[in-house]
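First the structure, in the form of structure tokens, and then the observations on it.
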Protein chains: 2
Amino acid sequence: MSTPMFEKIALIGIGLIGSSLARVICRERLAGHIAIATRSAETLKRAEELKLGDAYTTDARGAVRGADLVIVSVPVGASGAVAEEIAPALKKGVILTDVGSTKTSVIAQMQPFVPEGVHFIPGHPLAGTEKSGPDAGFAELFENRWCIFTPLEDTDPDALEKLSEFWRRCGCNIDTMDAQHHDMTLAIVSHLPHIIAYSIVGTADDLETVTKSKVIKYSASGFRDFTRLAASDPTMWRDVCLHNRDAILEMLGRFSEDLASLQRAIRWSEADKLFGLFTRTRAIRRSIIEAGQDIDMPDFGRQAIGRPQAAQPQQCKAPGVCLVPSSGAAP
Amino acid sequence: MSTPMFEKIALIGIGLIGSSLARVICRERLAGHIAIATRSAETLKRAEELKLGDAYTTDARGAVRGADLVIVSVPVGASGAVAEEIAPALKKGVILTDVGSTKTSVIAQMQPFVPEGVHFIPGHPLAGTEKSGPDAGFAELFENRWCIFTPLEDTDPDALEKLSEFWRRCGCNIDTMDAQHHDMTLAIVSHLPHIIAYSIVGTADDLETVTKSKVIKYSASGFRDFTRLAASDPTMWRDVCLHNRDAILEMLGRFSEDLASLQRAIRWSEADKLFGLFTRTRAIRRSIIEAGQDIDMPDFGRQAIGRPQAAQPQQCKAPGVCLVPSSGAAP
């Protein structure tokens, strides 16, 4: 049997991402030893109950001692404090990475504390669900998702390749880009959708003319889709807003402009303009499905859950089958 | 064996809703005869290939002759023309209903043409997917969804009860309200979400700084959810915008206000305000799941499709199981 990729992996933070990592590291046997550290004693206890690793501590510095891979999976606003805490215990040659949704800010927070001889490689696996905490993770979370690295100028190519191989074995495809471009890209594909979802759910919550119970009852007509994103971890998303401010404001500005233009088209009954916009957006959906980034089932396959045949087209077996037996035409 | 609820049902329009009706009417044997009419010869041919009914025609007036239930399932902008066309052939005592997403406008368009002795009961089943056309329908579409009636002042209670029973047997729960309130409610739970989804997908499509291929690749981080709504039928949604203008503009105004306020909180790093909004929206998601209007699985259960165990939490069976055999700790 081959030796694992890393002798000891330290996971700092054991929420949705950290605990999914623990599970896939275990399944793929990527580590000889998994050390888990989190600030909350309660979360730590739960991680231990779930048997997510080999050692459990609230002392992040202790956890990273002797590790050859350290993965920081905490809200981006806590990155600097974590780096400061663990820095003195990092061994020479260790790979230090993170999973944060913003990269410029994480680099600015962590890099000053990174000791000589430590390979700091900022990373971001584009994977998640709206659930949080150690119970929410699962080993398949990263399958066919992208992991983006934003390497620094002096990043060691061998360390980058080793970390890439680690994420590939977790299920990811690998991309690299600079941190600014990452932050601008994520602002449109992830941050703006979440912010808008949070906002519209707030708008609905505030209405006087339509009761909350009606919004809930009738939510299957579109609204419920937004409530999923708006059920994501509040601490994580507060930090994303605070730490990718400029890119988010840029995208929000563009969106507001476009929405105002659409609002105007509705006010003035510009039928062709509305039809034009509503037509061109279909192509992107098709491309996303072709790229394997969403499933090709109506309504995200909700109808099929627990009832696999339900979303299949059905037909009357023969003309006249709908006639009642007394008419003589039914089978 | 009991006789069917209706001797002859005429379906005018055979898209997602019409063809789902055809399938459930067949499955539940709610009609002795299903007549299908649609304007497009191509769609009609497809409906016939799918064996969705007993008779097929592009002549709506011919289709409704002798029917005791007529269901108009066309884009709301076409309601008036359909009513005008079929009116002369409607028999006395027939129930005439529709499935349109806006009710004030549909009533204004259709009512002037409704002959004496015809029970016109405007209706709206809150059900659908992003797919369109006769191939997209399925018999389970209406299960546990709400069907809202907006009866007129002189609506016959027996006819209303018979139509309610019909929709219940299709799987729906029934509500009634006045047309204005329906339009205001749907503007927030359905129309605004679709319009915002179309708008943000357009914004992403227009960017110069982030390529379309990157938006597609990385869409699983949030964006892809919006592309589903934005892949809905353009004709239907153009008509909704044109025919529920005032309620939509009202809701868009509120949303823009709230989004501007959120944008300001991001610009000025108001952490507590962001955290507050991102926290309160979670409760609505929980209520929607408790009301049976969405499934309680992470990511709409996408991970579970075709891999039912995938979304289940996994754990290492025992501490040390991750250790390689040579360490002596593995099973």
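Each chain in the structure tokens gets a letter, A, B, ..., in the order shown, and its residues are numbered from 1; ligands are numbered from 1 in order too.
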
I want to know what sits within 7 Å of stretch 217-234 of chain A, based on only C-alpha atoms, with residues of the same chain fewer than 5 positions away left out; could you give that as a ChimeraX atom specification? /A:130-132,194,197-198,201 /B:126-127,146,189-190,193-194,275,278-279,281-282,285,291,293

Dump as a short mmCIF file (atom, residue, chain, number, x, y, z; two decimals), in the first residue's frame, selection limited to C-alpha atoms:
```cif
data_model
loop_
_atom_site.label_atom_id
_atom_site.label_comp_id
_atom_site.auth_asym_id
_atom_site.auth_seq_id
_atom_site.Cartn_x
_atom_site.Cartn_y
_atom_site.Cartn_z
CA GLU A 130 -26.41 26.62 1.92
CA LYS A 131 -25.77 24.48 5.01
CA SER A 132 -23.05 25.16 7.59
CA HIS A 194 -25.88 35.85 -2.90
CA ALA A 197 -30.84 36.79 -2.96
CA TYR A 198 -30.41 38.11 0.57
CA VAL A 201 -35.78 37.86 0.63
CA LEU B 126 -48.64 28.06 -9.23
CA ALA B 127 -46.65 25.34 -10.92
CA TRP B 146 -51.46 25.94 -4.98
CA VAL B 189 -43.21 35.65 -5.19
CA SER B 190 -42.80 35.01 -8.90
CA PRO B 193 -37.57 36.77 -8.94
CA HIS B 194 -37.79 36.00 -12.65
CA PHE B 275 -24.93 40.32 9.58
CA PHE B 278 -28.04 37.81 6.38
CA THR B 279 -29.38 36.23 9.57
CA THR B 281 -33.45 35.61 5.86
CA ARG B 282 -32.69 32.08 7.11
CA ARG B 285 -36.16 29.27 4.12
CA ALA B 291 -44.70 24.23 4.47
CA GLN B 293 -42.91 24.07 -0.70
#
```

Would you pick out the contacts of stretch 241-245 of chain A at 8 Å or less, using only C-alpha atoms, so that residues sharing its chain but fewer than 3 positions from it are not included, and give the list as a PyMOL selection string? (chain A and resi 76-77+102+104-105+183+187+191+237-238+248-249) or (chain B and resi 266-267+269+271)

Let me see the file: selected residues, C-alpha atoms, as a PDB file, in the first residue's frame.
```
ATOM      1  CA  VAL A  76     -12.195  35.349   5.459  1.00  0.00           C
ATOM      2  CA  GLY A  77     -12.243  38.039   8.142  1.00  0.00           C
ATOM      3  CA  THR A 102     -11.895  36.496  -1.481  1.00  0.00           C
ATOM      4  CA  THR A 104      -6.677  39.850  -2.296  1.00  0.00           C
ATOM      5  CA  SER A 105      -7.794  40.443   1.270  1.00  0.00           C
ATOM      6  CA  ASP A 183     -12.042  38.629  -6.809  1.00  0.00           C
ATOM      7  CA  ALA A 187     -17.998  39.036  -7.443  1.00  0.00           C
ATOM      8  CA  HIS A 191     -21.042  37.319  -4.428  1.00  0.00           C
ATOM      9  CA  TRP A 237     -21.153  36.348   3.781  1.00  0.00           C
ATOM     10  CA  ARG A 238     -20.707  39.373   6.024  1.00  0.00           C
ATOM     11  CA  ILE A 248     -18.789  43.821  -5.335  1.00  0.00           C
ATOM     12  CA  LEU A 249     -19.651  47.527  -5.565  1.00  0.00           C
TER      13      LEU A 249
ATOM     14  CA  ILE B 266     -21.169  47.343   1.984  1.00  0.00           C
ATOM     15  CA  ARG B 267     -19.515  50.621   0.952  1.00  0.00           C
ATOM     16  CA  SER B 269     -18.424  48.385   6.010  1.00  0.00           C
ATOM     17  CA  ALA B 271     -20.732  44.766   9.570  1.00  0.00           C
TER      18      ALA B 271
END
```

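Across A:Ile25, A:Val70, A:Cys172, A:Val94, the tightest approach to chain B is made by A:Ile25 when counting only C-alpha atoms.
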
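Distances here use only C-alpha atoms; by that measure, the residue among A:Ser101, A:Thr185, A:Ser261, A:Thr58 closest to chain B is A:Thr185.
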
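With atom CA of A:Asp156 on one side and atom CA of A:His119 on the other, the separation reads 7.0 Å.
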
Do a neighbour search on stretch 138-142 of chain A at 6 Å with only C-alpha atoms, toss out local chain neighbours closer than 4 positions, and write the hits as a list in words. Ser20, Arg23, Val24, Ala127, Gly171 and Cys172 of chain A; Pro313 of chain B

A:Ala35 surroundings by only C-alpha atoms, 10 Å radius, close-in-sequence under 5 positions cut, as a PyMOL selection string: chain A and resi 8-12+22+52-57+60+62-65+67+70

Any idea what's packed within 12 Å of A:Glu161, counting only C-alpha atoms, ignoring anything in its chain fewer than 3 positions away? Could you give it as a ChimeraX atom specification? /A:95,119,121,149,151,155-158,164-168,174-176

Restricted to C-alpha atoms, what would the selected residues look like written as a PDB file, in the first residue's frame?
```pdb
ATOM      1  CA  ILE A  95       2.246  23.974   2.429  1.00  0.00           C
ATOM      2  CA  HIS A 119       4.852  27.578   0.971  1.00  0.00           C
ATOM      3  CA  ILE A 121      -0.543  29.139  -1.698  1.00  0.00           C
ATOM      4  CA  PHE A 149      -5.220  29.095  -6.946  1.00  0.00           C
ATOM      5  CA  PRO A 151      -0.184  31.927  -6.417  1.00  0.00           C
ATOM      6  CA  THR A 155       5.439  30.355  -5.287  1.00  0.00           C
ATOM      7  CA  ASP A 156       7.418  27.114  -5.565  1.00  0.00           C
ATOM      8  CA  PRO A 157       6.164  25.160  -8.633  1.00  0.00           C
ATOM      9  CA  ASP A 158       6.634  21.788  -6.925  1.00  0.00           C
ATOM     10  CA  SER A 164      -2.994  20.781  -7.149  1.00  0.00           C
ATOM     11  CA  GLU A 165      -2.705  17.001  -7.053  1.00  0.00           C
ATOM     12  CA  PHE A 166      -4.250  17.013  -3.555  1.00  0.00           C
ATOM     13  CA  TRP A 167      -7.300  18.959  -4.775  1.00  0.00           C
ATOM     14  CA  ARG A 168      -7.589  16.816  -7.886  1.00  0.00           C
ATOM     15  CA  ILE A 174      -7.618  23.232 -11.127  1.00  0.00           C
ATOM     16  CA  ASP A 175      -7.282  26.802 -12.399  1.00  0.00           C
ATOM     17  CA  THR A 176      -4.840  29.554 -11.540  1.00  0.00           C
TER      18      THR A 176
END
```
